[in-house]
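Reproduced below: target29.pdb, with PDB, C-alpha atoms and all ligand atoms.
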MODEL        1
ATOM      1  CA  MET B1373      85.357 154.824  99.940  1.00  0.00           C
ATOM      2  CA  SER B1374      88.491 155.547 101.884  1.00  0.00           C
ATOM      3  CA  ASP B1375      91.525 156.770 100.084  1.00  0.00           C
ATOM      4  CA  ILE B1376      93.898 154.901 102.300  1.00  0.00           C
ATOM      5  CA  VAL B1377      95.756 152.434 100.207  1.00  0.00           C
ATOM      6  CA  GLU B1378      96.940 149.388 102.011  1.00  0.00           C
ATOM      7  CA  VAL B1379     100.388 148.376 100.995  1.00  0.00           C
ATOM      8  CA  GLU B1380     100.650 144.667 101.322  1.00  0.00           C
ATOM      9  CA  GLU B1381     103.931 143.467 102.603  1.00  0.00           C
ATOM     10  CA  GLU B1382     105.285 140.627 100.602  1.00  0.00           C
ATOM     11  CA  GLU B1383     104.707 137.582 102.698  1.00  0.00           C
ATOM     12  CA  ILE B1384     107.667 135.441 103.494  1.00  0.00           C
ATOM     13  CA  ASP B1385     106.958 131.763 103.599  1.00  0.00           C
ATOM     14  CA  HIS B1386     108.992 130.634 106.592  1.00  0.00           C
ATOM     15  CA  ASP B1387     106.733 128.101 108.242  1.00  0.00           C
ATOM     16  CA  CYS B1388     107.315 124.381 107.642  1.00  0.00           C
ATOM     17  CA  THR B1389     109.623 125.016 104.708  1.00  0.00           C
ATOM     18  CA  SER B1390     112.080 122.463 103.367  1.00  0.00           C
ATOM     19  CA  ASN B1391     114.958 124.944 103.732  1.00  0.00           C
ATOM     20  CA  ILE B1392     115.524 127.449 106.508  1.00  0.00           C
ATOM     21  CA  VAL B1393     114.024 130.778 105.485  1.00  0.00           C
ATOM     22  CA  CYS B1394     114.888 133.982 107.337  1.00  0.00           C
ATOM     23  CA  PRO B1395     111.640 135.426 108.740  1.00  0.00           C
ATOM     24  CA  TYR B1396     112.984 138.966 108.245  1.00  0.00           C
ATOM     25  CA  CYS B1397     114.432 139.057 104.758  1.00  0.00           C
ATOM     26  CA  GLY B1398     113.276 135.782 103.236  1.00  0.00           C
ATOM     27  CA  TYR B1399     116.786 134.480 102.604  1.00  0.00           C
ATOM     28  CA  GLU B1400     116.685 130.766 101.953  1.00  0.00           C
ATOM     29  CA  ASP B1401     119.567 128.764 103.336  1.00  0.00           C
ATOM     30  CA  GLU B1402     120.507 126.043 100.892  1.00  0.00           C
ATOM     31  CA  ASP B1403     122.658 124.388 103.536  1.00  0.00           C
ATOM     32  CA  SER B1404     119.729 123.830 105.868  1.00  0.00           C
ATOM     33  CA  TYR B1405     120.608 120.173 106.303  1.00  0.00           C
ATOM     34  CA  GLU B1406     123.399 121.262 108.663  1.00  0.00           C
ATOM     35  CA  HIS B1407     120.652 121.966 111.157  1.00  0.00           C
ATOM     36  CA  TYR B1408     118.753 118.726 110.777  1.00  0.00           C
ATOM     37  CA  GLU B1409     118.682 118.044 114.456  1.00  0.00           C
ATOM     38  CA  GLU B1410     115.396 118.207 116.267  1.00  0.00           C
ATOM     39  CA  GLY B1411     114.984 121.043 118.719  1.00  0.00           C
ATOM     40  CA  GLU B1412     115.198 124.806 118.985  1.00  0.00           C
ATOM     41  CA  THR B1413     118.167 127.021 118.374  1.00  0.00           C
ATOM     42  CA  ASN B1414     118.936 130.637 117.568  1.00  0.00           C
ATOM     43  CA  LEU B1415     120.537 131.402 114.243  1.00  0.00           C
ATOM     44  CA  ASP B1416     121.945 134.445 112.518  1.00  0.00           C
ATOM     45  CA  CYS B1417     120.679 135.000 109.017  1.00  0.00           C
ATOM     46  CA  LYS B1418     123.522 134.520 106.558  1.00  0.00           C
ATOM     47  CA  ASP B1419     122.160 137.380 104.502  1.00  0.00           C
ATOM     48  CA  CYS B1420     120.736 140.141 106.709  1.00  0.00           C
ATOM     49  CA  GLY B1421     122.513 139.025 109.888  1.00  0.00           C
ATOM     50  CA  ARG B1422     119.461 139.211 112.100  1.00  0.00           C
ATOM     51  CA  ASN B1423     119.011 136.643 114.801  1.00  0.00           C
ATOM     52  CA  PHE B1424     116.004 134.384 114.655  1.00  0.00           C
ATOM     53  CA  ASN B1425     114.706 131.339 116.384  1.00  0.00           C
ATOM     54  CA  LEU B1426     114.685 128.086 114.499  1.00  0.00           C
ATOM     55  CA  SER B1427     112.791 125.012 115.461  1.00  0.00           C
ATOM     56  CA  VAL B1428     113.403 121.808 113.592  1.00  0.00           C
ATOM     57  CA  GLY B1429     110.687 119.250 113.463  1.00  0.00           C
ATOM     58  CA  VAL B1430     110.587 115.894 111.836  1.00  0.00           C
ATOM     59  CA  SER B1431     107.302 114.591 110.614  1.00  0.00           C
ATOM     60  CA  TYR B1432     106.368 111.100 109.658  1.00  0.00           C
ATOM     61  CA  TYR B1433     103.567 110.031 107.458  1.00  0.00           C
ATOM     62  CA  PHE B1434     102.356 106.687 106.319  1.00  0.00           C
ATOM     63  CA  SER B1435     100.881 105.701 102.994  1.00  0.00           C
ATOM     64  CA  SER B1436      99.894 102.195 102.271  1.00  0.00           C
ATOM     65  CA  ASN B1437      99.046 100.773  98.909  1.00  0.00           C
ATOM     66  CA  ARG B1438      98.137  97.372  97.680  1.00  0.00           C
ATOM     67  CA  ILE B1439     100.917  95.639  95.811  1.00  0.00           C
ATOM     68  CA  SER B1440      99.986  95.354  92.195  1.00  0.00           C
ATOM     69  CA  CYS B1441      99.490  91.940  90.672  1.00  0.00           C
ATOM     70  CA  GLU B1442     102.295  92.589  88.179  1.00  0.00           C
ATOM     71  CA  GLU B1443     104.769  92.957  91.012  1.00  0.00           C
ATOM     72  CA  GLU B1444     103.538  89.748  92.570  1.00  0.00           C
ATOM     73  CA  ASN B1445     103.622  88.004  89.193  1.00  0.00           C
ATOM     74  CA  GLU B1446      99.953  87.254  89.449  1.00  0.00           C
ATOM     75  CA  GLU B1447      97.146  87.710  87.000  1.00  0.00           C
ATOM     76  CA  HIS B1448      94.716  90.534  87.568  1.00  0.00           C
ATOM     77  CA  GLU B1449      91.207  89.477  88.468  1.00  0.00           C
ATOM     78  CA  TRP B1450      89.201  91.859  86.352  1.00  0.00           C
ATOM     79  CA  THR B1451      85.778  93.037  87.250  1.00  0.00           C
ATOM     80  CA  ASP B1452      84.005  94.894  84.485  1.00  0.00           C
ATOM     81  CA  HIS B1453      82.073  98.071  84.987  1.00  0.00           C
ATOM     82  CA  PHE B1454      80.035  99.219  82.043  1.00  0.00           C
ATOM     83  CA  PHE B1455      79.170 102.796  81.519  1.00  0.00           C
ATOM     84  CA  ARG B1456      78.621 105.431  78.945  1.00  0.00           C
ATOM     85  CA  LYS B1457      80.787 108.475  78.708  1.00  0.00           C
ATOM     86  CA  GLU B1458      78.813 111.504  77.702  1.00  0.00           C
ATOM     87  CA  GLU B1459      80.520 113.607  75.104  1.00  0.00           C
ATOM     88  CA  GLU B1460      79.039 116.939  74.188  1.00  0.00           C
ATOM     89  CA  SER B1461      79.604 116.915  70.478  1.00  0.00           C
ATOM     90  CA  LYS B1462      80.037 113.276  69.676  1.00  0.00           C
ATOM     91  CA  GLU B1463      77.810 110.310  70.127  1.00  0.00           C
ATOM     92  CA  LYS B1464      77.946 108.635  73.464  1.00  0.00           C
ATOM     93  CA  GLU B1465      81.120 106.683  73.901  1.00  0.00           C
ATOM     94  CA  LEU B1466      80.864 103.308  75.438  1.00  0.00           C
ATOM     95  CA  ILE B1467      83.490 102.451  77.925  1.00  0.00           C
ATOM     96  CA  ILE B1468      84.385  99.456  79.963  1.00  0.00           C
ATOM     97  CA  LEU B1469      86.291 100.074  83.115  1.00  0.00           C
ATOM     98  CA  LEU B1470      88.273  97.046  84.071  1.00  0.00           C
ATOM     99  CA  GLU B1471      89.102  96.940  87.722  1.00  0.00           C
ATOM    100  CA  CYS B1472      91.169  94.307  89.419  1.00  0.00           C
ATOM    101  CA  ARG B1473      89.449  93.105  92.564  1.00  0.00           C
ATOM    102  CA  LYS B1474      92.759  92.113  94.128  1.00  0.00           C
ATOM    103  CA  CYS B1475      95.026  95.129  93.612  1.00  0.00           C
ATOM    104  CA  LYS B1476      92.463  97.756  92.518  1.00  0.00           C
ATOM    105  CA  HIS B1477      94.447  98.539  89.387  1.00  0.00           C
ATOM    106  CA  ASN B1478      92.153  99.724  86.644  1.00  0.00           C
ATOM    107  CA  GLU B1479      92.166 100.242  82.951  1.00  0.00           C
ATOM    108  CA  ILE B1480      89.717 101.833  80.589  1.00  0.00           C
ATOM    109  CA  GLU B1481      88.721 100.237  77.344  1.00  0.00           C
ATOM    110  CA  GLU B1482      86.829 102.084  74.664  1.00  0.00           C
ATOM    111  CA  VAL B1483      84.801  99.664  72.641  1.00  0.00           C
ATOM    112  CA  SER B1484      82.275  99.607  69.875  1.00  0.00           C
ATOM    113  CA  LYS B1485      78.608  99.431  70.723  1.00  0.00           C
ATOM    114  CA  GLU B1486      78.364  95.816  69.602  1.00  0.00           C
ATOM    115  CA  GLU B1487      81.271  94.746  71.710  1.00  0.00           C
ATOM    116  CA  TRP B1488      80.011  96.689  74.666  1.00  0.00           C
ATOM    117  CA  LEU B1489      76.605  95.023  74.509  1.00  0.00           C
ATOM    118  CA  GLN B1490      78.151  91.616  73.974  1.00  0.00           C
ATOM    119  CA  ARG B1491      80.560  91.957  76.857  1.00  0.00           C
ATOM    120  CA  ARG B1492      77.818  93.238  79.112  1.00  0.00           C
ATOM    121  CA  SER B1493      75.516  90.342  78.385  1.00  0.00           C
ATOM    122  CA  ASP B1494      78.415  87.890  78.887  1.00  0.00           C
ATOM    123  CA  PHE B1495      79.142  89.604  82.144  1.00  0.00           C
ATOM    124  CA  ASN B1496      75.544  89.494  83.331  1.00  0.00           C
ATOM    125  CA  GLU B1497      75.426  85.780  82.615  1.00  0.00           C
ATOM    126  CA  LYS B1498      78.500  85.215  84.722  1.00  0.00           C
ATOM    127  CA  VAL B1499      77.030  86.982  87.747  1.00  0.00           C
TER
HETATM  128 ZN    ZN B1501     117.654 137.581 106.826  1.00  0.00          ZN
HETATM  129 ZN    ZN B1502      95.499  93.095  90.021  1.00  0.00          ZN
ENDMDL
END
Will you turn the file into structure tokens for me?
Ligand SMILES: [Zn+2]
Ligand SMILES: [Zn+2]
Amino acid sequence: MSDIVEVEEEEIDHDCTSNIVCPYCGYEDEDSYEHYEEGETNLDCKDCGRNFNLSVGVSYYFSSNRISCEEENEEHEWTDHFFRKEEESKEKELIILLECRKCKHNEIEEVSKEEWLQRRSDFNEKV
């Protein structure tokens, strides 16, 4: 074993941050929005005074989701999925997962064994 002890420098998170962070001292500029113009510029740190290069980037991302039936004032079209939830200590719980085939919204219903069996046989008859 070597007896050289590595002293880890505290890492400054200055890459893709929501505020401008000085790469030397870690000072976070709360007024970063003043620089919300795309491109590169040199700035002086308001704290340690050192000059650093700042590049401002704007990123876009897209997320799409189905509009839920509630929002559309429509009824959900439930599809039932029957399964057992294994519980270590307790008896097996029987669960019905209701999933809407239109908006993919889902709900879980915990039911008694009788109801579970009944609903499953009703369901199998429908299919
Ligand atoms: Zn600084
Ligand atoms: Zn729905």
**Report entry** Atomic separation - atom CA of Asn1425 of chain B relative to atom CA of Glu1406 of chain B, Å
**Finding:** 15.4 Å
Assuming the chain letters and numbering stay as they are in my file, what does the PyMOL selection byres (((chain B and resi 1480-1496) around 8) and not hetatm) actually select? List them as a PDB file with C-alpha atoms, in the frame of the given file.
ATOM      1  CA  ASP B1452      84.005  94.894  84.485  1.00  0.00           C
ATOM      2  CA  PHE B1454      80.035  99.219  82.043  1.00  0.00           C
ATOM      3  CA  GLU B1465      81.120 106.683  73.901  1.00  0.00           C
ATOM      4  CA  LEU B1466      80.864 103.308  75.438  1.00  0.00           C
ATOM      5  CA  ILE B1467      83.490 102.451  77.925  1.00  0.00           C
ATOM      6  CA  ILE B1468      84.385  99.456  79.963  1.00  0.00           C
ATOM      7  CA  LEU B1469      86.291 100.074  83.115  1.00  0.00           C
ATOM      8  CA  LEU B1470      88.273  97.046  84.071  1.00  0.00           C
ATOM      9  CA  ASN B1478      92.153  99.724  86.644  1.00  0.00           C
ATOM     10  CA  GLU B1479      92.166 100.242  82.951  1.00  0.00           C
ATOM     11  CA  GLU B1497      75.426  85.780  82.615  1.00  0.00           C
ATOM     12  CA  LYS B1498      78.500  85.215  84.722  1.00  0.00           C
ATOM     13  CA  VAL B1499      77.030  86.982  87.747  1.00  0.00           C
TER      14      VAL B1499
END
Requested in this report: Tell me which protein, DNA and RNA residues are within 10 Å of Glu1442 of chain B, counting only C-alpha atoms, leaving out same-chain ones fewer than 4 positions away, and put them as a ChimeraX atom specification.
Outcome: /B:1446-1448,1475,1477
Kindly compute an axis-aligned box around the listed atoms of segment 1440-1455 of chain B, allowing 4 Å on each side, and express its centre and edge lengths in Å to one decimal as lines of an AutoDock Vina configuration file.
center_x = 92.0
center_y = 95.0
center_z = 87.0
size_x = 33.6
size_y = 23.5
size_z = 19.1
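The nearest approach to ligand ZN 1501 (chain B) among the residues B:Arg1456, B:Arg1473, B:Arg1438, B:His1386, with only C-alpha atoms and all ligand atoms taken into account, belongs to B:His1386.
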Report task. Measuring atom to atom with all atoms listed in the file, identify which of B:Glu1449, B:Glu1402, B:Asp1387, B:Glu1382 is nearest to Leu1426 of chain B. Result -> B:Asp1387
**Report entry** Within 8 Å of ligand ZN 1501 (chain B) (only C-alpha atoms and all ligand atoms), residues as an NGL selection string
**Finding:** :B and (1393-1399 or 1416-1422)
For those residues, write C-alpha atoms to a file as a compact mmCIF listing (two decimals), in the coordinates of the input.
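Now in selection09.txt:
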# COMPACT_ATOMS: atom_id res chain seq x y z
CA VAL B 1393 114.02 130.78 105.48
CA CYS B 1394 114.89 133.98 107.34
CA PRO B 1395 111.64 135.43 108.74
CA TYR B 1396 112.98 138.97 108.24
CA CYS B 1397 114.43 139.06 104.76
CA GLY B 1398 113.28 135.78 103.24
CA TYR B 1399 116.79 134.48 102.60
CA ASP B 1416 121.94 134.44 112.52
CA CYS B 1417 120.68 135.00 109.02
CA LYS B 1418 123.52 134.52 106.56
CA ASP B 1419 122.16 137.38 104.50
CA CYS B 1420 120.74 140.14 106.71
CA GLY B 1421 122.51 139.02 109.89
CA ARG B 1422 119.46 139.21 112.10
Requested in this report: For Asp1401 of chain B, list every protein, DNA or RNA residue within 7 Å, evaluated using only C-alpha atoms, and leave out those in the same chain fewer than 3 positions away; present the list as number ranges by chain.
Outcome: B: 1391-1393, 1404
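Picture a line from atom CA of Asn1437 of chain B to atom CA of Tyr1405 of chain B; it runs 29.9 Å.
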Report summary line: With distances taken over all atoms listed in the file, the candidate from B:Val1430, B:Cys1472, B:Ile1384, B:Leu1415 nearest ligand ZN 1502 (chain B) is B:Cys1472
Query - Atomic separation - atom CA of Phe1434 of chain B relative to atom ZN of ligand ZN 1502 (chain B), Å - result: 22.3 Å
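Nearest residue to ligand ZN 1502 (chain B), choosing from B:Tyr1433, B:Ile1439, B:His1453, B:Asp1403 and counting all atoms listed in the file: B:Ile1439.
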Report task. Report as a count of residues only the residues that result from applying the PyMOL selection byres (((chain B and resi 1411) around 9) and not hetatm) to the structure here. Result -> 8
